[in-house]
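Asks: Pasting target.txt here (compact mmCIF, C-alpha atoms):
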```
# COMPACT_ATOMS: atom_id res chain seq x y z
CA MET Q 1152 -6.02 17.83 -14.52
CA HIS Q 1153 -9.66 16.84 -13.90
CA ILE Q 1154 -12.42 17.99 -16.19
CA ASN Q 1155 -15.98 17.67 -15.02
CA LEU Q 1156 -18.32 17.61 -17.96
CA PRO Q 1157 -21.98 18.44 -17.34
CA ALA Q 1158 -23.72 15.11 -16.88
CA ALA Q 1159 -26.56 16.12 -19.22
CA ASN Q 1160 -24.16 16.34 -22.14
CA LEU Q 1161 -22.53 12.98 -21.69
CA PRO Q 1162 -23.53 10.33 -24.23
CA SER Q 1163 -26.14 8.13 -22.66
CA PRO Q 1164 -27.12 4.66 -23.77
CA ARG Q 1165 -30.68 5.45 -22.68
CA ARG Q 1166 -31.15 8.18 -25.28
CA HIS Q 1167 -33.29 7.35 -28.32
CA PRO Q 1168 -33.98 3.85 -27.09
CA GLY Q 1169 -36.67 3.18 -29.64
CA ASN Q 1170 -34.90 3.98 -32.87
CA ARG Q 1171 -31.35 2.78 -32.11
CA MET Q 1172 -31.67 -0.26 -34.37
CA LEU Q 1173 -33.21 1.65 -37.26
CA HIS Q 1174 -31.04 4.77 -37.10
CA PRO Q 1175 -27.72 4.02 -35.37
CA GLN Q 1176 -26.47 7.02 -33.42
CA PRO Q 1177 -22.80 8.07 -33.50
CA ALA Q 1178 -21.04 6.96 -30.31
CA VAL Q 1179 -20.25 10.59 -29.51
CA SER Q 1180 -23.00 13.15 -30.03
CA LEU Q 1181 -22.49 16.47 -31.81
CA MET Q 1182 -23.21 18.38 -28.55
CA THR Q 1183 -20.56 16.39 -26.70
CA ILE Q 1184 -17.99 17.01 -29.42
CA ARG Q 1185 -18.72 20.74 -29.27
CA ASN Q 1186 -18.39 20.80 -25.49
CA LEU Q 1187 -15.14 18.88 -25.61
CA CYS Q 1188 -13.77 21.18 -28.31
CA VAL Q 1189 -14.62 24.25 -26.20
CA LEU Q 1190 -12.91 22.71 -23.18
CA LEU Q 1191 -9.85 21.76 -25.20
CA LEU Q 1192 -9.59 25.24 -26.67
CA LEU Q 1193 -9.88 26.73 -23.18
CA LEU Q 1194 -7.06 24.45 -22.06
CA LEU Q 1195 -4.93 25.57 -25.00
CA ALA Q 1196 -5.61 29.18 -24.11
CA GLY Q 1197 -4.38 28.50 -20.60
CA THR Q 1198 -7.63 29.64 -19.02
CA PRO Q 1199 -7.44 29.15 -15.24
CA LEU Q 1200 -9.83 26.59 -13.79
CA ALA Q 1201 -11.74 26.94 -10.55
CA ALA Q 1202 -10.57 25.03 -7.47
CA GLU Q 1203 -10.74 21.29 -7.92
CA ILE Q 1204 -10.18 18.97 -5.03
CA ALA Q 1205 -9.99 15.25 -5.61
CA ARG Q 1206 -9.46 12.43 -3.15
CA SER Q 1207 -8.14 9.02 -4.11
CA ALA Q 1208 -6.36 6.03 -2.62
CA ASP Q 1209 -3.34 4.05 -3.76
CA GLU Q 1210 -4.56 0.61 -4.84
CA GLU Q 1211 -1.53 -1.19 -3.46
CA THR Q 1212 -0.90 0.58 -0.15
CA GLY Q 1213 -4.33 2.02 0.57
CA LEU Q 1214 -2.67 5.36 1.35
CA ARG Q 1215 -5.04 8.23 0.67
CA LYS Q 1216 -4.19 11.37 -1.19
CA TRP Q 1217 -5.81 14.71 -1.79
CA HIS Q 1218 -5.16 16.76 -4.91
CA LEU Q 1219 -5.94 20.46 -5.26
CA ALA Q 1220 -5.66 22.38 -8.53
CA GLU Q 1221 -6.53 26.06 -8.53
CA GLY Q 1222 -5.15 28.72 -10.86
CA LYS Q 1223 -1.45 27.96 -11.28
CA LEU Q 1224 -1.25 26.09 -7.96
CA GLU Q 1225 -1.22 22.33 -7.70
CA VAL Q 1226 -0.96 20.65 -4.30
CA GLU Q 1227 -0.89 16.96 -3.52
CA LEU Q 1228 -1.08 15.68 0.07
CA VAL Q 1229 -0.32 11.97 0.46
CA GLN Q 1230 -0.65 10.12 3.76
CA ARG Q 1231 2.53 8.68 5.24
CA LEU Q 1232 2.18 5.75 7.58
CA PRO Q 1233 3.88 6.43 10.92
CA ASP Q 1234 5.98 3.31 10.34
CA GLN Q 1235 7.30 4.75 7.07
CA THR Q 1236 8.35 7.94 8.82
CA ARG Q 1237 9.78 6.11 11.83
CA GLY Q 1238 11.88 3.95 9.52
CA PHE Q 1239 13.05 6.94 7.46
CA PHE Q 1240 14.32 8.90 10.46
CA MET Q 1241 15.74 5.95 12.39
CA ALA Q 1242 17.73 5.03 9.26
CA ARG Q 1243 19.18 8.53 9.44
CA GLY Q 1244 20.42 8.26 12.99
CA PHE Q 1245 17.46 9.51 15.03
CA SER Q 1246 16.79 7.91 18.39
CA PRO Q 1247 13.63 5.76 18.50
CA ALA Q 1248 11.98 8.32 20.81
CA ILE Q 1249 12.47 11.32 18.50
CA ALA Q 1250 11.75 9.27 15.36
CA ASP Q 1251 8.48 8.19 16.99
CA GLU Q 1252 7.58 11.75 17.98
CA ILE Q 1253 7.95 12.79 14.32
CA ALA Q 1254 6.18 9.69 13.02
CA VAL Q 1255 2.98 10.24 15.02
CA SER Q 1256 2.66 13.93 14.11
CA CYS Q 1257 0.33 13.38 11.15
CA ILE Q 1258 2.89 13.54 8.38
CA PHE Q 1259 1.81 13.98 4.78
CA GLN Q 1260 4.09 13.86 1.77
CA THR Q 1261 3.41 17.25 0.22
CA ILE Q 1262 4.00 18.19 -3.38
CA ILE Q 1263 3.47 21.77 -4.52
CA ARG Q 1264 3.84 22.88 -8.12
CA ASN Q 1265 3.43 25.99 -10.23
CA THR Q 1266 1.65 24.75 -13.35
CA GLY Q 1267 2.12 28.01 -15.25
CA THR Q 1268 4.44 28.59 -18.17
CA GLN Q 1269 7.41 30.91 -18.63
CA ALA Q 1270 5.14 33.09 -20.76
CA ASP Q 1271 2.74 33.58 -17.81
CA ALA Q 1272 5.60 34.68 -15.53
CA VAL Q 1273 3.28 34.16 -12.56
CA ALA Q 1274 4.84 33.35 -9.18
CA VAL Q 1275 3.09 31.07 -6.70
CA SER Q 1276 4.30 31.24 -3.11
CA VAL Q 1277 3.38 29.41 0.06
CA ASP Q 1278 4.03 30.08 3.72
CA LEU Q 1279 3.11 27.08 5.84
CA ALA Q 1280 2.88 29.37 8.87
CA GLN Q 1281 -0.36 30.72 7.33
CA TRP Q 1282 -2.01 27.32 6.91
CA ARG Q 1283 -4.64 26.43 9.51
CA VAL Q 1284 -5.54 22.96 10.79
CA ILE Q 1285 -9.20 23.00 11.84
CA ARG Q 1286 -10.98 20.50 14.06
CA ALA Q 1287 -14.28 20.61 15.92
CA ASP Q 1288 -12.41 21.39 19.16
CA GLY Q 1289 -10.28 24.21 17.81
CA GLU Q 1290 -7.63 25.12 15.31
CA GLN Q 1291 -3.84 25.20 15.15
CA GLY Q 1292 -1.01 25.83 12.74
CA VAL Q 1293 1.19 23.38 10.86
CA ARG Q 1294 4.09 22.07 12.92
CA LEU Q 1295 7.03 23.94 11.39
CA LYS Q 1296 10.52 22.51 11.20
CA GLU Q 1297 12.43 25.49 12.59
CA PRO Q 1298 10.91 25.55 16.12
CA TRP Q 1299 10.82 21.76 16.08
CA MET Q 1300 14.57 21.49 15.48
CA ALA Q 1301 15.19 24.17 18.11
CA SER Q 1302 13.22 22.10 20.64
CA TRP Q 1303 15.62 19.13 20.53
CA PRO Q 1304 17.99 19.02 23.49
CA GLU Q 1305 21.60 19.77 22.58
CA ASN Q 1306 23.52 16.71 21.33
CA SER Q 1307 20.31 14.64 21.11
CA VAL Q 1308 20.34 14.74 17.30
CA GLY Q 1309 23.53 14.47 15.25
CA GLU Q 1310 24.50 16.80 12.44
CA ALA Q 1311 23.70 14.37 9.61
CA SER Q 1312 20.30 13.62 11.18
CA ARG Q 1313 19.51 17.33 11.53
CA LEU Q 1314 20.38 17.86 7.87
CA ALA Q 1315 18.14 14.97 6.81
CA PHE Q 1316 15.24 16.42 8.84
CA GLN Q 1317 15.85 19.94 7.56
CA TRP Q 1318 15.78 18.87 3.90
CA ALA Q 1319 13.12 16.17 4.20
CA LEU Q 1320 10.50 18.51 5.65
CA PHE Q 1321 8.77 20.94 3.32
CA PRO Q 1322 10.22 24.46 3.45
CA THR Q 1323 8.20 26.86 5.58
CA GLN Q 1324 8.28 29.52 2.85
CA GLN Q 1325 8.90 28.92 -0.82
CA GLU Q 1326 8.24 30.66 -4.12
CA PHE Q 1327 7.59 28.67 -7.27
CA LEU Q 1328 7.98 30.01 -10.80
CA ALA Q 1329 6.83 28.19 -13.94
CA ASP Q 1330 7.50 24.43 -13.82
CA ASP Q 1331 8.98 24.64 -10.32
CA TYR Q 1332 7.85 22.09 -7.78
CA ASN Q 1333 8.96 20.64 -4.48
CA TRP Q 1334 8.35 17.54 -2.42
CA GLY Q 1335 8.62 17.32 1.33
CA MET Q 1336 6.97 16.11 4.50
CA THR Q 1337 4.47 18.34 6.26
CA ALA Q 1338 3.51 17.72 9.90
CA PHE Q 1339 -0.01 18.69 10.95
CA GLY Q 1340 0.61 17.94 14.63
CA LEU Q 1341 -2.37 15.62 15.22
CA PRO Q 1342 -2.54 12.01 16.43
CA PRO Q 1343 -2.73 9.09 13.98
CA GLY Q 1344 -6.21 8.65 12.51
CA ALA Q 1345 -7.32 12.23 13.30
CA VAL Q 1346 -9.60 13.96 10.78
CA PHE Q 1347 -9.29 17.67 10.07
CA ASP Q 1348 -9.99 20.43 7.59
CA LEU Q 1349 -7.08 22.38 6.18
CA ASP Q 1350 -7.22 26.04 5.20
CA LEU Q 1351 -4.51 26.18 2.59
CA VAL Q 1352 -3.22 29.70 1.99
CA TRP Q 1353 -1.02 30.76 -0.94
CA GLN Q 1354 -0.21 33.76 -3.09
CA GLU Q 1355 -0.52 33.85 -6.85
CA ASP Q 1356 0.90 36.88 -8.60
CA GLY Q 1357 0.88 38.72 -5.26
CA THR Q 1358 -2.78 37.99 -4.46
CA MET Q 1359 -3.61 35.94 -1.38
CA HIS Q 1360 -5.91 32.93 -1.80
CA THR Q 1361 -7.38 30.47 0.69
CA THR Q 1362 -8.98 27.13 -0.11
CA ARG Q 1363 -10.34 24.65 2.41
CA ILE Q 1364 -9.68 20.94 1.95
CA ALA Q 1365 -12.22 19.15 4.10
CA ALA Q 1366 -11.86 15.89 5.99
CA LEU Q 1367 -8.18 15.15 5.57
CA GLU Q 1368 -7.21 12.03 7.50
CA CYS Q 1369 -3.95 11.43 9.30
CA ALA Q 1370 -2.77 7.88 8.52
CA PRO Q 1371 -3.47 5.43 11.35
CA ASP Q 1372 -0.51 3.86 13.14
CA VAL Q 1373 -0.59 0.51 11.32
CA GLU Q 1374 1.84 -1.18 8.95
CA ARG Q 1375 -0.44 -0.98 5.96
CA LEU Q 1376 -3.77 0.64 5.21
CA GLN Q 1377 -6.61 -1.67 4.23
CA MET G 1071 -20.55 16.44 -40.23
CA SER G 1072 -20.08 12.68 -40.13
CA ALA G 1073 -19.11 10.77 -36.99
CA VAL G 1074 -15.78 9.82 -38.56
CA THR G 1075 -14.91 13.46 -39.28
CA LEU G 1076 -15.93 14.46 -35.75
CA ARG G 1077 -13.75 11.75 -34.27
CA GLN G 1078 -10.81 12.83 -36.42
CA LEU G 1079 -11.31 16.43 -35.29
CA LEU G 1080 -11.43 15.34 -31.65
CA CYS G 1081 -8.32 13.18 -32.00
CA GLY G 1082 -6.50 16.07 -33.68
CA LEU G 1083 -7.36 18.40 -30.83
CA LEU G 1084 -6.31 15.85 -28.24
CA LEU G 1085 -2.97 15.38 -29.99
CA LEU G 1086 -2.58 19.15 -30.08
CA VAL G 1087 -3.20 19.36 -26.32
CA ALA G 1088 -0.82 16.47 -25.66
CA GLY G 1089 1.86 18.18 -27.75
CA TYR G 1090 1.22 21.49 -26.01
CA SER G 1091 1.50 19.91 -22.58
CA ALA G 1092 4.72 18.11 -23.45
CA GLN G 1093 6.20 21.25 -24.95
CA ALA G 1094 5.30 23.29 -21.86
CA GLY G 1095 6.90 20.74 -19.54
CA GLU G 1096 10.57 21.68 -19.43
CA SER G 1097 11.91 25.11 -18.67
CA LEU G 1098 14.51 26.89 -16.61
CA THR G 1099 13.89 30.17 -14.81
CA PRO G 1100 16.27 32.90 -16.00
CA LEU G 1101 17.86 34.82 -13.12
CA PRO G 1102 18.64 38.32 -14.32
CA GLY G 1103 21.27 40.45 -12.63
CA GLY G 1104 24.30 38.24 -13.10
CA LYS G 1105 24.77 37.48 -9.40
CA PRO G 1106 28.13 35.76 -8.84
CA ALA G 1107 27.98 32.09 -7.87
CA PRO G 1108 29.37 31.46 -4.34
CA ASP G 1109 32.63 29.55 -4.68
CA PHE G 1110 33.22 26.27 -2.87
CA GLU G 1111 35.55 23.31 -2.63
CA LEU G 1112 34.20 19.78 -2.24
CA VAL G 1113 35.51 16.29 -2.85
CA ASP G 1114 33.59 13.83 -4.98
CA THR G 1115 32.93 10.15 -4.30
CA ASP G 1116 36.31 9.29 -5.89
CA GLY G 1117 38.13 11.66 -3.55
CA LYS G 1118 38.84 14.26 -6.25
CA LEU G 1119 38.67 17.90 -5.17
CA HIS G 1120 36.42 20.24 -7.16
CA ARG G 1121 36.63 24.00 -6.81
CA LEU G 1122 33.75 25.78 -8.56
CA SER G 1123 35.94 28.72 -9.65
CA ASP G 1124 38.24 26.28 -11.49
CA TYR G 1125 35.44 25.83 -14.01
CA ARG G 1126 35.36 29.52 -14.98
CA GLY G 1127 34.98 29.71 -18.77
CA LYS G 1128 32.58 26.76 -18.83
CA THR G 1129 28.85 26.45 -18.29
CA VAL G 1130 28.24 24.57 -15.03
CA ILE G 1131 25.10 22.63 -14.12
CA LEU G 1132 25.13 22.61 -10.32
CA ASN G 1133 22.57 20.25 -8.82
CA PHE G 1134 21.75 19.80 -5.10
CA TRP G 1135 20.27 16.40 -4.26
CA ALA G 1136 19.93 13.47 -1.85
CA THR G 1137 19.41 9.74 -2.44
CA TRP G 1138 16.15 9.67 -0.45
CA CYS G 1139 14.52 12.48 -2.47
CA PRO G 1140 12.10 11.00 -5.06
CA PRO G 1141 12.32 13.78 -7.70
CA CYS G 1142 16.14 13.73 -7.35
CA ARG G 1143 16.15 10.04 -8.18
CA GLU G 1144 13.77 10.61 -11.06
CA GLU G 1145 15.90 13.21 -12.81
CA ILE G 1146 19.27 11.41 -12.51
CA PRO G 1147 18.88 9.24 -15.65
CA SER G 1148 18.12 12.33 -17.77
CA MET G 1149 21.07 14.14 -16.16
CA ASN G 1150 23.29 11.27 -17.17
CA ARG G 1151 21.98 11.31 -20.74
CA ALA G 1152 22.50 15.08 -20.95
CA TRP G 1153 25.99 14.75 -19.46
CA ARG G 1154 26.99 12.20 -22.11
CA GLN G 1155 26.18 14.76 -24.79
CA LEU G 1156 27.42 17.91 -23.06
CA ALA G 1157 30.71 16.71 -21.60
CA LYS G 1158 32.27 16.92 -25.07
CA GLU G 1159 31.00 20.48 -25.40
CA ASP G 1160 32.84 21.83 -22.34
CA VAL G 1161 29.71 21.91 -20.16
CA VAL G 1162 30.30 20.74 -16.57
CA MET G 1163 27.79 18.89 -14.38
CA LEU G 1164 28.30 18.72 -10.61
CA ALA G 1165 25.77 17.05 -8.32
CA VAL G 1166 26.20 18.05 -4.67
CA ASN G 1167 24.80 15.43 -2.30
CA MET G 1168 23.28 16.68 0.92
CA GLY G 1169 24.71 15.13 4.08
CA GLU G 1170 25.15 11.49 3.03
CA ASP G 1171 28.29 9.35 2.97
CA GLU G 1172 30.16 7.61 0.15
CA ASP G 1173 28.73 4.17 1.01
CA THR G 1174 25.13 5.37 0.77
CA ILE G 1175 25.82 7.02 -2.57
CA PHE G 1176 27.77 4.00 -3.85
CA VAL G 1177 24.81 1.71 -3.17
CA PHE G 1178 22.46 4.25 -4.76
CA THR G 1179 24.46 4.48 -7.97
CA ALA G 1180 24.09 0.74 -8.55
CA ASP G 1181 20.44 1.50 -9.36
CA TYR G 1182 20.91 5.04 -10.70
CA PRO G 1183 24.20 5.17 -12.59
CA ALA G 1184 25.73 8.65 -12.71
CA GLU G 1185 28.90 9.27 -14.71
CA PHE G 1186 29.22 12.92 -13.69
CA PRO G 1187 30.93 13.93 -10.41
CA LEU G 1188 28.92 13.41 -7.22
CA LEU G 1189 30.20 15.85 -4.59
CA LEU G 1190 29.85 15.37 -0.84
CA ASP G 1191 28.51 18.24 1.26
CA ARG G 1192 28.59 16.22 4.48
CA ASP G 1193 27.95 19.11 6.89
CA GLY G 1194 25.65 21.19 4.66
CA SER G 1195 28.06 24.13 4.67
CA VAL G 1196 28.01 24.58 0.87
CA ILE G 1197 24.25 24.37 0.38
CA ALA G 1198 23.90 26.96 3.16
CA GLN G 1199 25.65 29.50 0.91
CA TRP G 1200 23.06 29.02 -1.84
CA PRO G 1201 19.39 30.09 -1.73
CA VAL G 1202 18.17 26.48 -1.85
CA LYS G 1203 14.85 25.71 -0.16
CA GLY G 1204 14.21 22.15 -1.28
CA LEU G 1205 15.78 19.23 -3.14
CA PRO G 1206 16.45 18.95 -5.96
CA THR G 1207 17.38 22.48 -6.93
CA THR G 1208 19.69 23.17 -9.84
CA TYR G 1209 21.54 26.33 -10.87
CA ILE G 1210 23.07 26.98 -14.25
CA ILE G 1211 26.25 28.99 -13.91
CA ALA G 1212 27.35 30.95 -16.96
CA PRO G 1213 30.99 30.77 -18.12
CA ASP G 1214 31.62 34.20 -16.51
CA GLY G 1215 30.76 32.72 -13.08
CA SER G 1216 27.33 34.34 -12.74
CA ILE G 1217 24.14 32.43 -11.89
CA ALA G 1218 22.09 32.41 -15.10
CA TYR G 1219 19.17 30.01 -14.53
CA ARG G 1220 17.48 28.06 -11.76
CA ALA G 1221 15.25 24.99 -11.62
CA ILE G 1222 13.35 24.05 -8.45
CA GLY G 1223 12.30 20.42 -8.64
CA GLY G 1224 13.37 17.83 -11.18
CA ARG G 1225 13.66 18.38 -14.90
CA ASN G 1226 14.13 16.23 -17.95
CA TRP G 1227 17.67 17.44 -18.55
CA ASP G 1228 18.12 16.05 -22.03
CA ASP G 1229 14.98 17.82 -23.21
CA SER G 1230 15.88 19.76 -26.36
CA ASP G 1231 14.74 23.14 -24.95
CA ILE G 1232 17.02 22.77 -21.93
CA MET G 1233 19.91 21.48 -24.01
CA ASP G 1234 19.50 24.51 -26.31
CA ILE G 1235 19.73 26.88 -23.32
CA LEU G 1236 22.90 25.18 -22.06
CA ARG G 1237 24.54 25.14 -25.48
CA ALA G 1238 23.62 28.79 -26.10
CA LEU G 1239 25.31 29.82 -22.84
CA GLN G 1240 28.46 27.93 -23.76
CA LYS G 1241 28.43 29.35 -27.31
CA GLN G 1242 28.21 32.91 -25.96
CA ARG G 1243 31.46 32.26 -24.18
CA GLN G 1244 33.10 30.70 -27.23
CA GLY G 1245 31.87 33.67 -29.31
CA ALA G 1246 33.29 36.11 -26.76
CA GLY G 1247 36.56 34.19 -26.51
```
Kindly present the structure from the file in structure tokens form.

Replies:
Amino acid sequence: MHINLPAANLPSPRRHPGNRMLHPQPAVSLMTIRNLCVLLLLLLAGTPLAAEIARSADEETGLRKWHLAEGKLEVELVQRLPDQTRGFFMARGFSPAIADEIAVSCIFQTIIRNTGTQADAVAVSVDLAQWRVIRADGEQGVRLKEPWMASWPENSVGEASRLAFQWALFPTQQEFLADDYNWGMTAFGLPPGAVFDLDLVWQEDGTMHTTRIAALECAPDVERLQ
Amino acid sequence: MSAVTLRQLLCGLLLLVAGYSAQAGESLTPLPGGKPAPDFELVDTDGKLHRLSDYRGKTVILNFWATWCPPCREEIPSMNRAWRQLAKEDVVMLAVNMGEDEDTIFVFTADYPAEFPLLLDRDGSVIAQWPVKGLPTTYIIAPDGSIAYRAIGGRNWDDSDIMDILRALQKQRQGAG
């Protein structure tokens, strides 16, 4: 969870520059302590926070990830290099052509979690068919696994491979109760390196919410991000 | 208020939050209604046949997983620790692998030892009978054969709250018997 404290209340080494030697100041000011206490008490009370979107990058791989926390919903979208995805599906019996088609479809590892508690009894549900991928030249939906699997010619993908695909991709619809979470691949159907905004739609306690994550980037088709 | 007292207060609150977060981490979703668990027969990696209905009278932890699924891998050590404690208490743990073969699972268990039975659902016909959307998903089946709890995503299975739930289910049966 990310907490953004007002900058004005953070301890600053530039405060009271003249009398620091004569009257040493505590490292943490009284105002800051009060603010932190209020925030901690709000956390204990389970008060919902407003939408927070954070972007970061893995130090080792360079893969970028986006993290959204809003109400009881937590979503993490992590880039997958096309080579990772190619390797995953070829190891599970896919032909190079189909593995490549999947790999260059802007795959993100997607993690969705309900951060509520059993006492809240609040359900969070997602339907990927409602998510919108927005670019300057238009918008489209997420590439869903059901029509994708139906598009493969008969006998082109074996049973074990189909099962791997079915369970590796994120479910199109899923409900999460307290502590529930799921991992899976989500395909945004754009070429490697494409940049897009995502309107992420979900329901919390029966109420529909939409949050836009701006400037998501499909991983480029390279072995490793710099 | 002195700086030392303020720091102590802050540390106390942080510890409280840390404790609260840890406590809130592990739970199972109760499934009211007592829906009967779909029966199945599957062989495990040792070739032994398991029929779910043969475990009537015992609490069954039924886990659906795959070797390539990161949260599945993450929860296996805690499943093994829980199994070591619960096996003596007549609680059964069955982990149904999705679509992989014995060799793949054998290699996997070198890194993630699992002493409980690993069942092979090679064609996905068993998982299709259960309302599973993603891996891992775990159901707790009460001794009367009804589905009592569900967990979507991994859990720390030897967490005391979860162990208490499992033991309470088994005790209900022993009390009734």

Asks: Using CA of Ala1370 in chain Q and CA of Gln1281 in chain Q as the two end points, give the distance in Å to one decimal.

Replies: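 So the answer is 23.0 Å.
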
Asks: Please measure the separation of CA of Pro1343 in chain Q and CA of Ala1311 in chain Q, giving the value in Å to one decimal.

Replies: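 For CA of Pro1343 in chain Q relative to CA of Ala1311 in chain Q, the distance reads 27.3 Å.
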
Asks: Pick from G:Ser1230, G:Thr1129, G:Thr1137, G:Thr1179: nearest to chain Q, with only C-alpha atoms counted?

Replies: G:Thr1137

Asks: Need the shell around Gln1235 in chain Q: protein/DNA/RNA residues with any atom at most 10 Å away, counting only C-alpha atoms. Skip same-chain ones fewer than 2 positions apart. Format as a tab-separated table (two decimals) with C-alpha atoms, keeping the file's coordinate frame?

Replies:
```tsv
chain	number	residue	atom	x	y	z
Q	1231	ARG	CA	2.53	8.68	5.24
Q	1232	LEU	CA	2.18	5.75	7.58
Q	1233	PRO	CA	3.88	6.43	10.92
Q	1237	ARG	CA	9.78	6.11	11.83
Q	1238	GLY	CA	11.88	3.95	9.52
Q	1239	PHE	CA	13.05	6.94	7.46
Q	1240	PHE	CA	14.32	8.90	10.46
Q	1254	ALA	CA	6.18	9.69	13.02
Q	1258	ILE	CA	2.89	13.54	8.38
Q	1372	ASP	CA	-0.51	3.86	13.14
Q	1373	VAL	CA	-0.59	0.51	11.32
Q	1374	GLU	CA	1.84	-1.18	8.95
Q	1375	ARG	CA	-0.44	-0.98	5.96
```

Asks: Between CA of Ser1097 in chain G and CA of Asp1271 in chain Q, what distance in Å does the model show, to one decimal?

Replies: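 If I compute the distance from CA of Ser1097 in chain G to CA of Asp1271 in chain Q, I get 12.5 Å.
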
Asks: Quick one: everything within 9 Å of range 1352-1358 of chain Q, counting all atoms listed in the file, minus sequence neighbours fewer than 2 positions away in the same chain. Send it as a PyMOL selection string.

Replies: chain Q and resi 1222-1224+1272-1279+1281-1283+1350+1360-1363

Asks: Which of these, Q:Ala1319, Q:Val1255, Q:Glu1310, Q:Gln1230, has the shortest distance to Gly1340 in chain Q once you count all atoms listed in the file?

Replies: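 So, comparing all the options, the nearest one is Q:Val1255.
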
Asks: Extract, using only C-alpha atoms, all DNA, RNA and protein residues at most 12 Å from Val1177 in chain G, discarding same-chain residues fewer than 6 positions from it, and format them as a PyMOL selection string.

Replies: chain G and resi 1115+1137+1170-1171+1183-1184

Asks: Which is closest to Gln1260 in chain Q among Q:Thr1236, Q:Ser1312, Q:Ser1246, Q:Gln1325, if we use only C-alpha atoms?

Replies: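 Closest residue, counting only C-alpha atoms: Q:Thr1236.
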
Asks: Leaving out Trp1318 in chain Q and any residue of its chain fewer than 2 positions from it, which residues lie within 9 Å of it when counting only C-alpha atoms, given as a PyMOL selection string?

Replies: (chain Q and resi 1313-1316+1320-1322+1335) or (chain G and resi 1136+1168+1203-1205)

Asks: Of the candidates G:Gln1199, G:Gln1240, G:Asn1167, G:Ser1123, which one gets nearest to chain Q if we count only C-alpha atoms?

Replies: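 Of the candidates, the smallest distance to chain Q is held by G:Asn1167.
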
Asks: Counting all atoms listed in the file, which of Q:Leu1228, Q:Met1336, Q:Leu1295, Q:Leu1351 gets nearest to chain G?

Replies: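 So, comparing all the options, the nearest one is Q:Met1336.
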
Asks: Just checking: using all atoms listed in the file, which residue out of G:Lys1241, G:Lys1158, G:Arg1220, G:Arg1151 ends up closest to chain Q?

Replies: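 For chain Q, the nearest of the candidates is G:Arg1220.
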
Asks: For range 1138-1148 of chain G, work out the shell of residues within 8 Å, counting only C-alpha atoms and skipping chain neighbours fewer than 4 positions away, then give it as an MDAnalysis selection string.

Replies: (chainID Q and resid 1319 1334) or (chainID G and resid 1152 1182:1184 1205:1206 1223:1228)

Asks: Could you tell me, as a compact mmCIF listing (two decimals) with C-alpha atoms, keeping the file's coordinate frame, which residues have any atom at most 12 Å from (38.7, 8.4, -7.2), counting only C-alpha atoms?

Replies:
```txt
# COMPACT_ATOMS: atom_id res chain seq x y z
CA VAL G 1113 35.51 16.29 -2.85
CA ASP G 1114 33.59 13.83 -4.98
CA THR G 1115 32.93 10.15 -4.30
CA ASP G 1116 36.31 9.29 -5.89
CA GLY G 1117 38.13 11.66 -3.55
CA LYS G 1118 38.84 14.26 -6.25
CA LEU G 1119 38.67 17.90 -5.17
CA GLU G 1172 30.16 7.61 0.15
CA PRO G 1187 30.93 13.93 -10.41
CA LEU G 1188 28.92 13.41 -7.22
CA LEU G 1189 30.20 15.85 -4.59
```

Asks: For range 1349-1358 of chain Q, write N, CA and C atoms out as a PDB file, in the first residue's frame.

Replies:
```
ATOM      1  N   LEU Q1349      -5.681   2.081 -20.429  1.00  0.00           N
ATOM      2  CA  LEU Q1349      -6.607   0.980 -20.136  1.00  0.00           C
ATOM      3  C   LEU Q1349      -7.716   1.475 -19.217  1.00  0.00           C
ATOM      4  N   ASP Q1350      -8.962   1.351 -19.679  1.00  0.00           N
ATOM      5  CA  ASP Q1350     -10.101   1.592 -18.791  1.00  0.00           C
ATOM      6  C   ASP Q1350     -10.435   0.276 -18.118  1.00  0.00           C
ATOM      7  N   LEU Q1351     -10.122   0.229 -16.846  1.00  0.00           N
ATOM      8  CA  LEU Q1351     -10.272  -1.001 -16.068  1.00  0.00           C
ATOM      9  C   LEU Q1351     -11.604  -0.925 -15.320  1.00  0.00           C
ATOM     10  N   VAL Q1352     -12.475  -1.859 -15.606  1.00  0.00           N
ATOM     11  CA  VAL Q1352     -13.831  -1.835 -15.046  1.00  0.00           C
ATOM     12  C   VAL Q1352     -13.968  -2.986 -14.051  1.00  0.00           C
ATOM     13  N   TRP Q1353     -14.578  -2.710 -12.891  1.00  0.00           N
ATOM     14  CA  TRP Q1353     -14.825  -3.790 -11.932  1.00  0.00           C
ATOM     15  C   TRP Q1353     -16.035  -3.435 -11.078  1.00  0.00           C
ATOM     16  N   GLN Q1354     -16.533  -4.397 -10.371  1.00  0.00           N
ATOM     17  CA  GLN Q1354     -17.645  -4.164  -9.453  1.00  0.00           C
ATOM     18  C   GLN Q1354     -17.171  -4.424  -8.034  1.00  0.00           C
ATOM     19  N   GLU Q1355     -17.570  -3.512  -7.145  1.00  0.00           N
ATOM     20  CA  GLU Q1355     -17.292  -3.734  -5.723  1.00  0.00           C
ATOM     21  C   GLU Q1355     -18.604  -3.624  -4.986  1.00  0.00           C
ATOM     22  N   ASP Q1356     -18.993  -4.685  -4.325  1.00  0.00           N
ATOM     23  CA  ASP Q1356     -20.259  -4.720  -3.601  1.00  0.00           C
ATOM     24  C   ASP Q1356     -21.424  -4.344  -4.530  1.00  0.00           C
ATOM     25  N   GLY Q1357     -21.349  -4.786  -5.773  1.00  0.00           N
ATOM     26  CA  GLY Q1357     -22.434  -4.577  -6.730  1.00  0.00           C
ATOM     27  C   GLY Q1357     -22.389  -3.249  -7.460  1.00  0.00           C
ATOM     28  N   THR Q1358     -21.463  -2.365  -7.102  1.00  0.00           N
ATOM     29  CA  THR Q1358     -21.372  -1.061  -7.761  1.00  0.00           C
ATOM     30  C   THR Q1358     -20.242  -1.074  -8.789  1.00  0.00           C
TER      31      THR Q1358
END
```
